[in-house]
file protein-v2.txt (compact mmCIF, C-alpha atoms)
# COMPACT_ATOMS: atom_id res chain seq x y z
CA MET G 255 0.00 0.00 0.00
CA THR G 256 1.06 3.55 -0.52
CA ASP G 257 1.93 6.08 2.16
CA ASP G 258 0.68 9.11 0.23
CA ASN G 259 -3.02 8.10 0.19
CA SER G 260 -3.23 8.97 -3.50
CA LEU G 261 -6.48 7.77 -5.09
CA ALA G 262 -5.45 7.59 -8.76
CA PRO G 263 -6.43 4.22 -10.28
CA SER G 264 -3.64 1.68 -10.71
CA ARG G 265 -3.24 -0.54 -13.76
CA ARG G 266 -3.65 -3.58 -11.49
CA SER G 267 -6.94 -2.35 -10.06
CA LEU G 268 -8.34 -1.52 -13.49
CA ILE G 269 -7.47 -4.99 -14.79
CA GLY G 270 -8.97 -6.60 -11.70
CA TRP G 271 -12.21 -4.64 -12.05
CA GLY G 272 -12.59 -5.42 -15.73
CA GLY G 273 -11.99 -9.14 -15.23
CA ALA G 274 -14.53 -9.38 -12.45
CA GLY G 275 -17.25 -7.39 -14.18
CA LEU G 276 -17.69 -5.29 -11.06
CA ALA G 277 -20.92 -3.31 -10.81
CA LEU G 278 -20.45 0.07 -9.20
CA GLY G 279 -22.92 1.91 -7.00
CA ALA G 280 -23.55 4.97 -4.89
CA ALA G 281 -22.16 5.41 -1.41
CA ALA G 282 -24.08 4.05 1.55
CA ALA G 283 -26.17 6.33 3.73
CA GLY G 284 -25.36 7.30 7.29
CA GLY G 285 -21.90 8.72 6.75
CA ALA G 286 -20.29 5.28 6.61
CA VAL G 287 -18.72 5.75 3.18
CA ALA G 288 -16.72 8.50 1.54
CA VAL G 289 -15.08 7.74 -1.79
CA ALA G 290 -13.25 9.70 -4.44
CA ARG G 291 -15.35 10.02 -7.58
CA THR G 292 -14.92 10.42 -11.27
CA GLY G 293 -16.86 12.91 -13.39
CA ASP G 294 -19.74 10.41 -13.26
CA ASP G 295 -21.15 10.99 -9.78
CA SER G 296 -22.66 7.50 -9.65
CA ALA G 297 -19.43 5.50 -9.71
CA PRO G 298 -16.50 5.40 -7.26
CA THR G 299 -13.01 5.88 -8.66
CA ALA G 300 -11.01 2.69 -9.05
CA GLY G 301 -8.84 2.20 -6.00
CA ALA G 302 -10.75 4.68 -3.83
CA ALA G 303 -10.79 4.62 -0.03
CA VAL G 304 -13.84 4.01 2.15
CA ALA G 305 -13.99 6.09 5.33
CA PHE G 306 -13.10 4.05 8.42
CA HIS G 307 -14.81 6.30 10.97
CA GLY G 308 -18.60 6.54 11.21
CA THR G 309 -21.74 5.86 13.20
CA HIS G 310 -21.85 2.32 11.80
CA GLN G 311 -19.01 0.07 10.75
CA ALA G 312 -18.17 0.14 7.06
CA GLY G 313 -18.65 -3.15 5.22
CA ILE G 314 -22.35 -3.52 6.06
CA ALA G 315 -24.39 -0.97 4.09
CA THR G 316 -21.29 -0.03 2.06
CA PRO G 317 -21.54 -0.77 -1.69
CA VAL G 318 -20.44 -4.41 -1.94
CA GLN G 319 -16.90 -4.96 -3.18
CA ASP G 320 -16.01 -7.92 -5.39
CA ARG G 321 -13.60 -9.81 -3.12
CA LEU G 322 -13.72 -11.16 0.42
CA HIS G 323 -11.37 -12.58 3.02
CA PHE G 324 -13.30 -13.53 6.16
CA ALA G 325 -11.56 -14.84 9.26
CA ALA G 326 -12.86 -16.13 12.59
CA PHE G 327 -10.46 -16.09 15.55
CA ASP G 328 -10.16 -17.90 18.86
CA VAL G 329 -8.84 -15.92 21.84
CA GLU G 330 -5.68 -17.41 23.34
CA THR G 331 -4.91 -14.91 26.09
CA GLU G 332 -6.61 -14.81 29.48
CA ASP G 333 -5.32 -11.29 30.13
CA ARG G 334 -8.08 -8.76 29.59
CA ALA G 335 -5.69 -5.79 29.36
CA GLU G 336 -3.62 -7.64 26.75
CA PHE G 337 -6.72 -8.34 24.67
CA VAL G 338 -7.88 -4.72 24.90
CA ALA G 339 -4.42 -3.57 23.84
CA MET G 340 -4.69 -5.86 20.80
CA LEU G 341 -8.08 -4.39 19.85
CA LYS G 342 -6.51 -0.93 19.97
CA ASP G 343 -3.59 -2.09 17.83
CA TRP G 344 -6.00 -3.73 15.39
CA THR G 345 -8.00 -0.52 15.13
CA ALA G 346 -4.90 1.54 14.43
CA ALA G 347 -3.80 -0.91 11.76
CA ALA G 348 -7.28 -1.03 10.19
CA ARG G 349 -7.46 2.75 10.12
CA ARG G 350 -4.22 2.88 8.12
CA MET G 351 -4.90 -0.06 5.80
CA THR G 352 -8.36 1.17 4.77
CA ALA G 353 -6.73 4.50 3.87
CA GLY G 354 -4.21 2.70 1.66
CA LYS G 355 -1.30 3.12 4.08
CA ALA G 356 1.14 0.58 5.44
CA VAL G 357 0.83 -0.68 9.00
CA GLY G 358 3.01 1.17 11.50
CA ASP G 359 6.36 2.20 10.05
CA GLY G 360 5.87 0.05 6.96
CA ALA G 361 7.47 -2.97 5.33
CA TYR G 362 11.00 -1.61 4.91
CA GLY G 363 13.36 1.12 6.03
CA GLY G 364 13.18 0.25 9.72
CA LEU G 365 15.57 -1.53 12.03
CA ALA G 366 17.21 -4.30 10.01
CA GLU G 367 17.42 -6.60 13.03
CA ALA G 368 13.65 -6.50 13.69
CA PRO G 369 10.64 -7.75 11.72
CA PRO G 370 8.94 -4.94 9.77
CA ASP G 371 5.58 -3.56 10.91
CA ASP G 372 3.90 -4.44 7.60
CA THR G 373 4.17 -7.68 5.63
CA GLY G 374 4.58 -5.76 2.37
CA GLU G 375 2.51 -7.64 -0.19
CA ALA G 376 0.19 -4.65 -0.68
CA LEU G 377 3.00 -2.16 -1.36
CA GLY G 378 2.09 0.04 -4.31
CA LEU G 379 -1.56 -1.01 -4.35
CA LYS G 380 -4.45 1.39 -3.87
CA PRO G 381 -7.00 1.09 -1.04
CA SER G 382 -9.39 -0.71 -3.42
CA ARG G 383 -12.39 0.27 -1.24
CA LEU G 384 -11.10 -1.97 1.56
CA THR G 385 -13.47 -2.25 4.51
CA LEU G 386 -12.75 -4.09 7.75
CA THR G 387 -15.68 -5.10 9.95
CA ILE G 388 -15.28 -6.74 13.36
CA GLY G 389 -17.75 -8.91 15.25
CA PHE G 390 -17.82 -10.67 18.62
CA GLY G 391 -19.05 -14.27 18.93
CA PRO G 392 -21.11 -15.73 21.80
CA SER G 393 -18.08 -17.59 23.17
CA LEU G 394 -16.18 -14.32 23.76
CA PHE G 395 -18.65 -13.47 26.50
CA GLU G 396 -17.45 -16.49 28.49
CA ARG G 397 -14.17 -14.61 28.95
CA PHE G 398 -12.93 -11.43 30.60
CA GLY G 399 -15.96 -11.10 32.88
CA LEU G 400 -18.24 -10.23 29.96
CA ALA G 401 -21.08 -12.70 30.67
CA GLU G 402 -23.55 -10.02 31.80
CA ARG G 403 -22.79 -7.91 28.74
CA ARG G 404 -23.84 -10.51 26.19
CA PRO G 405 -26.88 -9.14 24.33
CA GLU G 406 -30.04 -11.23 24.45
CA ALA G 407 -30.20 -11.12 20.66
CA LEU G 408 -26.79 -12.82 20.37
CA VAL G 409 -28.25 -16.32 20.53
CA ASP G 410 -26.60 -19.58 19.60
CA LEU G 411 -28.10 -20.69 16.32
CA PRO G 412 -30.28 -23.82 16.56
CA GLN G 413 -29.76 -26.89 14.44
CA PHE G 414 -31.61 -26.46 11.15
CA ALA G 415 -32.98 -29.18 8.89
CA GLY G 416 -30.28 -30.48 6.58
CA ASP G 417 -27.34 -28.94 8.46
CA ASN G 418 -24.07 -30.87 8.23
CA LEU G 419 -21.84 -28.45 10.07
CA ASP G 420 -18.08 -28.84 10.29
CA ARG G 421 -16.98 -27.63 13.73
CA ALA G 422 -13.62 -26.64 12.26
CA ARG G 423 -15.42 -24.18 9.97
CA SER G 424 -17.90 -22.88 12.53
CA GLY G 425 -17.99 -20.52 15.49
CA GLY G 426 -15.26 -18.22 16.73
CA ASP G 427 -14.70 -15.75 19.55
CA LEU G 428 -14.48 -12.87 17.09
CA CYS G 429 -14.37 -12.28 13.37
CA VAL G 430 -13.04 -9.80 10.84
CA GLN G 431 -14.67 -9.36 7.44
CA ALA G 432 -12.31 -7.83 4.87
CA CYS G 433 -13.91 -6.73 1.60
CA ALA G 434 -12.03 -5.06 -1.27
CA ASP G 435 -11.92 -4.86 -5.04
CA ASP G 436 -8.40 -6.34 -5.07
CA PRO G 437 -8.07 -9.80 -3.45
CA GLN G 438 -4.48 -9.11 -2.42
CA VAL G 439 -5.56 -6.03 -0.46
CA ALA G 440 -8.18 -8.07 1.43
CA VAL G 441 -5.77 -10.93 2.17
CA HIS G 442 -3.07 -8.47 3.26
CA ALA G 443 -5.46 -6.93 5.78
CA ILE G 444 -6.40 -10.23 7.46
CA ARG G 445 -2.77 -11.40 7.41
CA ASN G 446 -1.56 -8.31 9.21
CA LEU G 447 -4.28 -8.42 11.85
CA ALA G 448 -3.48 -12.09 12.48
CA ARG G 449 0.22 -11.18 12.78
CA ILE G 450 -0.49 -8.36 15.23
CA GLY G 451 -2.71 -10.68 17.26
CA PHE G 452 -0.22 -13.57 17.37
CA GLY G 453 -0.11 -15.08 20.86
CA LYS G 454 -3.37 -13.36 21.81
CA VAL G 455 -5.65 -14.76 19.12
CA SER G 456 -5.34 -17.47 16.48
CA VAL G 457 -7.20 -18.03 13.24
CA ARG G 458 -9.93 -20.65 13.77
CA TRP G 459 -11.07 -20.71 10.15
CA SER G 460 -11.17 -18.40 7.17
CA GLN G 461 -12.89 -18.11 3.81
CA LEU G 462 -11.95 -16.44 0.56
CA GLY G 463 -14.81 -15.20 -1.60
CA PHE G 464 -15.18 -13.78 -5.09
CA GLY G 465 -17.99 -12.51 -7.25
CA LYS G 466 -20.37 -10.83 -4.82
CA THR G 467 -23.76 -12.54 -4.91
CA SER G 468 -25.75 -9.67 -3.40
CA SER G 469 -25.72 -5.95 -3.97
CA THR G 470 -26.53 -2.96 -1.75
CA THR G 471 -26.74 -0.73 -4.83
CA PRO G 472 -30.06 -1.51 -6.55
CA GLU G 473 -29.27 0.66 -9.56
CA ALA G 474 -26.41 -1.73 -10.40
CA GLN G 475 -26.82 -5.01 -12.25
CA THR G 476 -27.86 -7.80 -9.90
CA PRO G 477 -25.02 -10.34 -9.51
CA ARG G 478 -25.45 -14.07 -10.11
CA ASN G 479 -24.57 -17.00 -7.87
CA LEU G 480 -22.73 -20.13 -9.04
CA MET G 481 -26.04 -21.71 -10.03
CA GLY G 482 -26.37 -18.98 -12.65
CA PHE G 483 -29.34 -17.18 -11.06
CA LYS G 484 -29.56 -13.55 -10.03
CA ASP G 485 -29.40 -13.21 -6.27
CA GLY G 486 -30.41 -10.39 -3.96
CA THR G 487 -32.83 -8.59 -6.28
CA ARG G 488 -34.77 -7.14 -3.36
CA ASN G 489 -31.81 -6.73 -1.03
CA ILE G 490 -31.74 -3.69 1.28
CA ALA G 491 -29.92 -0.81 -0.40
CA GLY G 492 -27.26 1.19 1.38
CA THR G 493 -29.26 4.32 0.66
CA GLU G 494 -32.52 3.03 2.18
CA THR G 495 -32.16 4.71 5.56
CA ALA G 496 -35.62 3.68 6.79
CA ARG G 497 -35.20 0.00 5.91
CA LEU G 498 -31.71 -0.07 7.41
CA LYS G 499 -33.09 1.37 10.64
CA LYS G 500 -35.97 -1.10 10.68
CA PHE G 501 -34.13 -4.28 9.75
CA VAL G 502 -30.36 -3.83 10.20
CA TRP G 503 -29.27 -1.33 12.87
CA VAL G 504 -29.70 -2.08 16.58
CA GLY G 505 -31.59 0.81 18.23
CA GLU G 506 -32.06 2.13 21.74
CA LYS G 507 -35.22 0.07 22.20
CA ASP G 508 -33.26 -3.12 21.48
CA VAL G 509 -30.75 -2.78 24.31
CA ASP G 510 -30.62 -2.50 28.08
CA ALA G 511 -27.93 -1.12 30.40
CA ASN G 512 -25.67 -4.14 29.87
CA SER G 513 -26.03 -4.29 26.11
CA ALA G 514 -26.10 -0.56 25.38
CA TRP G 515 -22.69 -0.96 23.72
CA MET G 516 -24.53 -2.54 20.75
CA ASN G 517 -26.63 0.56 20.00
CA GLY G 518 -25.86 1.37 16.36
CA GLY G 519 -24.47 -2.06 15.66
CA SER G 520 -25.90 -5.12 13.92
CA TYR G 521 -25.86 -8.92 14.08
CA LEU G 522 -24.09 -11.06 11.51
CA VAL G 523 -24.86 -14.64 10.50
CA ALA G 524 -22.19 -16.35 8.39
CA ARG G 525 -23.00 -19.65 6.71
CA ARG G 526 -20.81 -21.69 4.37
CA ILE G 527 -23.24 -23.28 1.92
CA ARG G 528 -21.90 -26.07 -0.26
CA MET G 529 -23.54 -26.34 -3.69
CA HIS G 530 -23.83 -29.75 -5.31
CA ILE G 531 -22.67 -28.36 -8.63
CA GLU G 532 -22.54 -31.59 -10.64
CA PRO G 533 -26.18 -32.72 -10.20
CA TRP G 534 -27.36 -29.12 -10.59
CA ASP G 535 -25.61 -28.84 -13.95
CA ARG G 536 -27.54 -31.92 -15.12
CA THR G 537 -30.93 -30.53 -14.08
CA SER G 538 -33.27 -29.25 -16.79
CA LEU G 539 -33.67 -25.51 -17.22
CA GLN G 540 -37.39 -25.72 -16.43
CA GLU G 541 -36.72 -27.50 -13.14
CA GLN G 542 -34.00 -25.02 -12.22
CA GLU G 543 -36.39 -22.12 -12.80
CA ASP G 544 -39.17 -23.85 -10.87
CA ILE G 545 -36.82 -24.40 -7.93
CA PHE G 546 -35.90 -20.73 -7.71
CA GLY G 547 -39.22 -19.24 -8.82
CA ARG G 548 -37.49 -16.95 -11.33
CA ASP G 549 -36.41 -17.29 -14.94
CA LYS G 550 -32.69 -17.71 -15.48
CA GLY G 551 -32.21 -15.06 -18.15
CA GLU G 552 -33.98 -11.90 -16.97
CA GLY G 553 -34.44 -12.99 -13.37
CA ALA G 554 -38.16 -12.18 -13.51
CA PRO G 555 -40.42 -13.92 -10.98
CA VAL G 556 -42.85 -16.52 -12.30
CA GLY G 557 -45.47 -14.94 -14.57
CA LYS G 558 -43.69 -11.56 -14.67
CA ALA G 559 -41.61 -9.86 -17.38
CA LYS G 560 -38.93 -7.96 -15.47
CA GLU G 561 -36.57 -8.89 -12.65
CA ARG G 562 -37.85 -6.22 -10.26
CA ASP G 563 -41.55 -6.82 -10.91
CA GLU G 564 -43.43 -7.58 -7.70
CA PRO G 565 -43.56 -11.39 -7.43
CA PHE G 566 -46.90 -13.19 -7.23
CA LEU G 567 -45.89 -15.87 -4.76
CA LYS G 568 -48.92 -18.11 -5.30
CA ALA G 569 -47.93 -18.51 -8.95
CA MET G 570 -44.75 -20.29 -7.80
CA LEU G 571 -44.54 -23.88 -6.65
CA PRO G 572 -45.09 -24.21 -2.87
CA ASP G 573 -41.44 -25.20 -2.35
CA ALA G 574 -39.90 -22.54 -4.62
CA HIS G 575 -36.97 -20.77 -3.01
CA VAL G 576 -38.16 -17.22 -3.68
CA ARG G 577 -41.61 -18.00 -2.33
CA LEU G 578 -40.30 -19.44 0.94
CA ALA G 579 -37.59 -16.79 1.47
CA HIS G 580 -39.77 -13.78 0.66
CA PRO G 581 -40.61 -11.43 3.57
CA ASP G 582 -44.32 -11.99 2.92
CA SER G 583 -43.79 -15.66 3.81
CA ASN G 584 -41.82 -14.77 6.96
CA ASP G 585 -43.90 -12.15 8.78
CA GLY G 586 -41.88 -9.42 7.09
CA ALA G 587 -38.43 -10.69 8.18
CA THR G 588 -35.81 -9.03 5.98
CA LEU G 589 -32.02 -9.50 5.87
CA LEU G 590 -29.23 -7.41 4.37
CA ARG G 591 -27.11 -9.92 2.46
CA ARG G 592 -23.46 -9.56 1.45
CA GLY G 593 -22.73 -13.09 0.21
CA TYR G 594 -19.85 -14.26 -1.99
CA SER G 595 -19.19 -17.25 -4.19
CA PHE G 596 -16.33 -19.58 -3.29
CA THR G 597 -14.51 -22.51 -4.81
CA ASP G 598 -11.99 -24.41 -2.70
CA GLY G 599 -10.70 -27.16 -4.98
CA THR G 600 -12.36 -30.56 -4.79
CA ASP G 601 -13.92 -32.70 -2.07
CA GLY G 602 -11.60 -35.65 -2.74
CA LEU G 603 -14.29 -37.46 -4.72
CA GLY G 604 -13.85 -35.59 -7.98
CA ARG G 605 -16.50 -32.98 -7.21
CA LEU G 606 -16.03 -29.24 -6.91
CA ASP G 607 -16.02 -27.85 -3.38
CA ALA G 608 -17.90 -24.70 -4.30
CA GLY G 609 -20.87 -22.68 -3.24
CA LEU G 610 -22.05 -19.58 -1.43
CA PHE G 611 -20.51 -17.94 1.61
CA PHE G 612 -23.68 -16.38 2.98
CA LEU G 613 -23.32 -13.21 5.06
CA ALA G 614 -26.47 -11.59 6.44
CA TYR G 615 -26.80 -8.56 8.72
CA GLN G 616 -29.91 -7.95 10.79
CA ARG G 617 -31.26 -6.08 13.78
CA ASP G 618 -32.09 -9.27 15.69
CA VAL G 619 -31.17 -12.83 14.74
CA ARG G 620 -34.27 -14.15 16.52
CA THR G 621 -36.60 -12.26 14.17
CA GLY G 622 -34.29 -12.33 11.16
CA PHE G 623 -32.24 -15.31 10.06
CA ILE G 624 -33.69 -17.96 12.38
CA PRO G 625 -37.35 -17.80 11.25
CA VAL G 626 -36.36 -17.43 7.60
CA GLN G 627 -34.04 -20.44 7.71
CA ARG G 628 -36.66 -22.53 9.48
CA ASN G 629 -39.16 -21.66 6.78
CA LEU G 630 -36.68 -22.89 4.18
CA ALA G 631 -36.83 -26.44 5.58
CA THR G 632 -39.05 -27.49 2.65
CA ASP G 633 -37.14 -25.49 0.04
CA ALA G 634 -36.70 -27.46 -3.20
CA LEU G 635 -33.22 -25.99 -3.43
CA ASN G 636 -32.14 -28.10 -0.44
CA GLU G 637 -31.62 -31.05 -2.78
CA TYR G 638 -28.70 -29.16 -4.30
CA ILE G 639 -27.19 -27.34 -1.29
CA GLN G 640 -26.03 -28.08 2.23
CA HIS G 641 -25.01 -25.77 5.07
CA VAL G 642 -21.56 -26.97 6.22
CA GLY G 643 -20.30 -24.03 8.30
CA SER G 644 -22.00 -21.57 10.64
CA ALA G 645 -21.26 -18.66 12.96
CA VAL G 646 -23.04 -15.70 14.52
CA PHE G 647 -21.51 -12.43 15.76
CA ALA G 648 -22.50 -9.18 17.44
CA VAL G 649 -21.13 -6.38 15.27
CA PRO G 650 -20.61 -3.24 17.37
CA PRO G 651 -21.22 0.31 16.07
CA GLY G 652 -18.59 2.19 14.14
CA VAL G 653 -15.34 3.70 15.37
CA ARG G 654 -16.32 7.33 15.85
CA ASP G 655 -12.96 9.15 15.67
CA ALA G 656 -9.19 8.84 16.05
CA ASP G 657 -9.50 8.28 19.82
CA ASP G 658 -12.04 5.46 19.51
CA TRP G 659 -11.28 1.76 18.99
CA TRP G 660 -13.05 -1.49 18.15
CA GLY G 661 -15.03 -2.72 21.15
CA ARG G 662 -14.40 0.30 23.37
CA ALA G 663 -18.00 0.60 24.53
CA LEU G 664 -18.02 -3.11 25.42
CA PHE G 665 -14.87 -3.01 27.52
CA SER G 666 -14.68 0.56 28.87
CA PRO G 667 -17.32 0.40 31.64
CA THR G 668 -15.34 -2.27 33.45
CA THR G 669 -11.81 -1.26 32.56
CA THR G 670 -9.69 1.81 33.09
CA GLU G 671 -8.10 1.41 29.69
CA GLY G 672 -8.46 4.60 27.61

call {"tool": "encode", "arguments": {"input": "protein-v2.txt", "output": "structure tokens"}}
result
Amino acid sequence: MTDDNSLAPSRRSLIGWGGAGLALGAAAAGGAVAVARTGDDSAPTAGAAVAFHGTHQAGIATPVQDRLHFAAFDVETEDRAEFVAMLKDWTAAARRMTAGKAVGDGAYGGLAEAPPDDTGEALGLKPSRLTLTIGFGPSLFERFGLAERRPEALVDLPQFAGDNLDRARSGGDLCVQACADDPQVAVHAIRNLARIGFGKVSVRWSQLGFGKTSSTTPEAQTPRNLMGFKDGTRNIAGTETARLKKFVWVGEKDVDANSAWMNGGSYLVARRIRMHIEPWDRTSLQEQEDIFGRDKGEGAPVGKAKERDEPFLKAMLPDAHVRLAHPDSNDGATLLRRGYSFTDGTDGLGRLDAGLFFLAYQRDVRTGFIPVQRNLATDALNEYIQHVGSAVFAVPPGVRDADDWWGRALFSPTTTEG
């Protein structure tokens, strides 16, 4: 990364954007995003920076970038002060990396006998709209005297029909979601946070993602998942302040004295969903469209002409995915999705290990993901997918200014740390 915070597009970033077919959108509402712009006021400049400070963390309502590196961590230290110091160090590093700067004193030029402060693989690269979003898992509240501060909405997810969860790819004391338009920028960010946290935290599991499968910019072209269907047509937009307040952001009425630190935050559910690609690719087009409840070309719901036409749910088969997932079938439950496709080689049996890394933000998991996922128990799509990894996190509000740090409101009332 550069030290001058210049926002001119690099050749690498332009190539990366063209190859990925990235759809660009307007900045999210609420002051969470500030990007350099071209003459066209609707599109961010290639390589631009997203503001780190704000009421809410960036990486939620922010226009969705094309690449992801998500990591869940286990806490190794039992020293509360040491963990708080790490959160402060992480915040300082995140503040610099999202601005396109190297961590600390950089990757070179320092004391030759000591490891450099930055690993160096992002030298010369632009910020690429990097966002870093932190979340705290239920198990963290078993440590550091935090039990009373665990929000009621941070529930352990129940077992759902069809789950085949791998414990090695589930859970975590905390997580960091790194999104960027350059995969190397996202990987660099997670690598450096893991390095800074060495001895205090360790990576439990991680996931690389490409090709966003949901958009928070409705004016942009809707992305497609690995099954070839448009996904997230009716997703919450980053500019829909009212819907964000209703469905995504935790408000004063959602918290008590112990959980007030979550005011302005959100709850994240992460699910690794394996797609059975080979049988899907041998399924007829008509059956594929019946399963989703949309046509594969335009993305229009059954009986409609355009993708964004209001769906008539009763025209779809009773087990169609769109019908079962729609808010009207779930007492209005609505999620903000930021999913990504993944492919991780093969499963050892000659089949692709590929699918969707599902990320959903909501105001309350109990009225968001849980009822929707339960309603999907009879989804026809279940024949071709399986949930193999799962985690839930409380995502605190944004870092307000240069004196603030990740998790400060959670830890400050019972610590003298500044």

call {"tool": "residues_around", "arguments": {"input": "protein-v2.txt", "residues": "segment 540-548 of chain G", "least_positions_apart": "6", "cutoff": "12 Å", "atoms": "all atoms listed in the file", "output": "CSV table (one decimal) with C-alpha atoms, in the frame of the given file"}}
result
chain,number,residue,atom,x,y,z
G,479,ASN,CA,-24.6,-17.0,-7.9
G,481,MET,CA,-26.0,-21.7,-10.0
G,482,GLY,CA,-26.4,-19.0,-12.6
G,483,PHE,CA,-29.3,-17.2,-11.1
G,484,LYS,CA,-29.6,-13.6,-10.0
G,485,ASP,CA,-29.4,-13.2,-6.3
G,487,THR,CA,-32.8,-8.6,-6.3
G,533,PRO,CA,-26.2,-32.7,-10.2
G,534,TRP,CA,-27.4,-29.1,-10.6
G,554,ALA,CA,-38.2,-12.2,-13.5
G,555,PRO,CA,-40.4,-13.9,-11.0
G,556,VAL,CA,-42.8,-16.5,-12.3
G,557,GLY,CA,-45.5,-14.9,-14.6
G,558,LYS,CA,-43.7,-11.6,-14.7
G,559,ALA,CA,-41.6,-9.9,-17.4
G,560,LYS,CA,-38.9,-8.0,-15.5
G,561,GLU,CA,-36.6,-8.9,-12.6
G,562,ARG,CA,-37.8,-6.2,-10.3
G,563,ASP,CA,-41.6,-6.8,-10.9
G,564,GLU,CA,-43.4,-7.6,-7.7
G,565,PRO,CA,-43.6,-11.4,-7.4
G,566,PHE,CA,-46.9,-13.2,-7.2
G,567,LEU,CA,-45.9,-15.9,-4.8
G,568,LYS,CA,-48.9,-18.1,-5.3
G,569,ALA,CA,-47.9,-18.5,-9.0
G,570,MET,CA,-44.8,-20.3,-7.8
G,571,LEU,CA,-44.5,-23.9,-6.6
G,572,PRO,CA,-45.1,-24.2,-2.9
G,573,ASP,CA,-41.4,-25.2,-2.4
G,574,ALA,CA,-39.9,-22.5,-4.6
G,575,HIS,CA,-37.0,-20.8,-3.0
G,576,VAL,CA,-38.2,-17.2,-3.7
G,577,ARG,CA,-41.6,-18.0,-2.3
G,578,LEU,CA,-40.3,-19.4,0.9
G,579,ALA,CA,-37.6,-16.8,1.5
G,580,HIS,CA,-39.8,-13.8,0.7
G,632,THR,CA,-39.0,-27.5,2.6
G,633,ASP,CA,-37.1,-25.5,0.0
G,634,ALA,CA,-36.7,-27.5,-3.2
G,635,LEU,CA,-33.2,-26.0,-3.4
G,636,ASN,CA,-32.1,-28.1,-0.4
G,637,GLU,CA,-31.6,-31.0,-2.8
G,638,TYR,CA,-28.7,-29.2,-4.3

call {"tool": "residues_around", "arguments": {"input": "protein-v2.txt", "residues": "segment 399-404 of chain G", "least_positions_apart": "5", "cutoff": "8 Å", "atoms": "only C-alpha atoms", "output": "PyMOL selection string"}}
result
chain G and resi 392+394+512-513+664

call {"tool": "closest_residue", "arguments": {"input": "protein-v2.txt", "among": "G:Arg478, G:Arg526, G:Arg628, G:Arg654", "to": "Leu613 of chain G", "atoms": "only C-alpha atoms"}}
result
G:Arg526

call {"tool": "residues_around", "arguments": {"input": "protein-v2.txt", "residues": "segment 386-390 of chain G", "least_positions_apart": "3", "cutoff": "8 Å", "atoms": "only C-alpha atoms", "output": "list in words"}}
result
Gln311, Ala312, Gly313, Ile314, Ala348, Thr352, Leu394, Asp427, Leu428, Cys429, Val430, Gln431, Ala432, Cys433, Leu522, Phe647, Ala648, Val649, Pro650 and Trp660 of chain G

call {"tool": "closest_atom_pairs", "arguments": {"input": "protein-v2.txt", "of": "segment 457-556 of chain G", "to": "segment 327-340 of chain G", "cutoff": "12 Å", "atoms": "only C-alpha atoms", "output": "Markdown table"}}
result
| residue | atom | partner | partner_atom | distance |
| --- | --- | --- | --- | --- |
| G:Val457 | CA | G:Phe327 | CA | 4.4 |
| G:Arg458 | CA | G:Phe327 | CA | 4.9 |
| G:Trp459 | CA | G:Phe327 | CA | 7.1 |
| G:Ser460 | CA | G:Phe327 | CA | 8.7 |

call {"tool": "axis_aligned_box", "arguments": {"input": "protein-v2.txt", "around": "segment 517-532 of chain G", "padding_each_side": "4 Å", "output": "AutoDock Vina command-line options"}}
result
--center_x -23.7 --center_y -15.1 --center_z 4.7 --size_x 13.8 --size_y 41.0 --size_z 38.6

call {"tool": "atom_distance", "arguments": {"input": "protein-v2.txt", "atom1": "atom CA of Gly602 of chain G", "atom2": "atom CA of Ala415 of chain G"}}
result
25.2 Å

call {"tool": "residues_around", "arguments": {"input": "protein-v2.txt", "residues": "Ser424 of chain G", "least_positions_apart": "5", "cutoff": "7 Å", "atoms": "all atoms listed in the file", "output": "ChimeraX atom specification"}}
result
/G:643-645

call {"tool": "write_last_selection", "arguments": {"input": "protein-v2.txt", "atoms": "C-alpha atoms", "output": "tab-separated table (two decimals), in the coordinates of the input"}}
result
chain	number	residue	atom	x	y	z
G	643	GLY	CA	-20.30	-24.03	8.30
G	644	SER	CA	-22.00	-21.57	10.64
G	645	ALA	CA	-21.26	-18.66	12.96

call {"tool": "residues_around", "arguments": {"input": "protein-v2.txt", "residues": "segment 364-369 of chain G", "least_positions_apart": "5", "cutoff": "12 Å", "atoms": "only C-alpha atoms", "output": "PDB file with C-alpha atoms, in the coordinates of the input"}}
result
ATOM      1  CA  GLY G 358       3.010   1.170  11.500  1.00  0.00           C
ATOM      2  CA  ASP G 359       6.360   2.200  10.050  1.00  0.00           C
ATOM      3  CA  GLY G 374       4.580  -5.760   2.370  1.00  0.00           C
ATOM      4  CA  ARG G 449       0.220 -11.180  12.780  1.00  0.00           C
ATOM      5  CA  ILE G 450      -0.490  -8.360  15.230  1.00  0.00           C
TER       6      ILE G 450
END

call {"tool": "atom_distance", "arguments": {"input": "protein-v2.txt", "atom1": "atom CA of Glu473 of chain G", "atom2": "atom CA of Gly551 of chain G"}}
result
18.2 Å

call {"tool": "atom_distance", "arguments": {"input": "protein-v2.txt", "atom1": "atom CA of Glu406 of chain G", "atom2": "atom CA of Asp510 of chain G"}}
result
9.5 Å

call {"tool": "closest_residue", "arguments": {"input": "protein-v2.txt", "among": "G:Thr309, G:Gln319, G:Thr345, G:Thr373", "to": "Thr385 of chain G", "atoms": "only C-alpha atoms"}}
result
G:Gln319
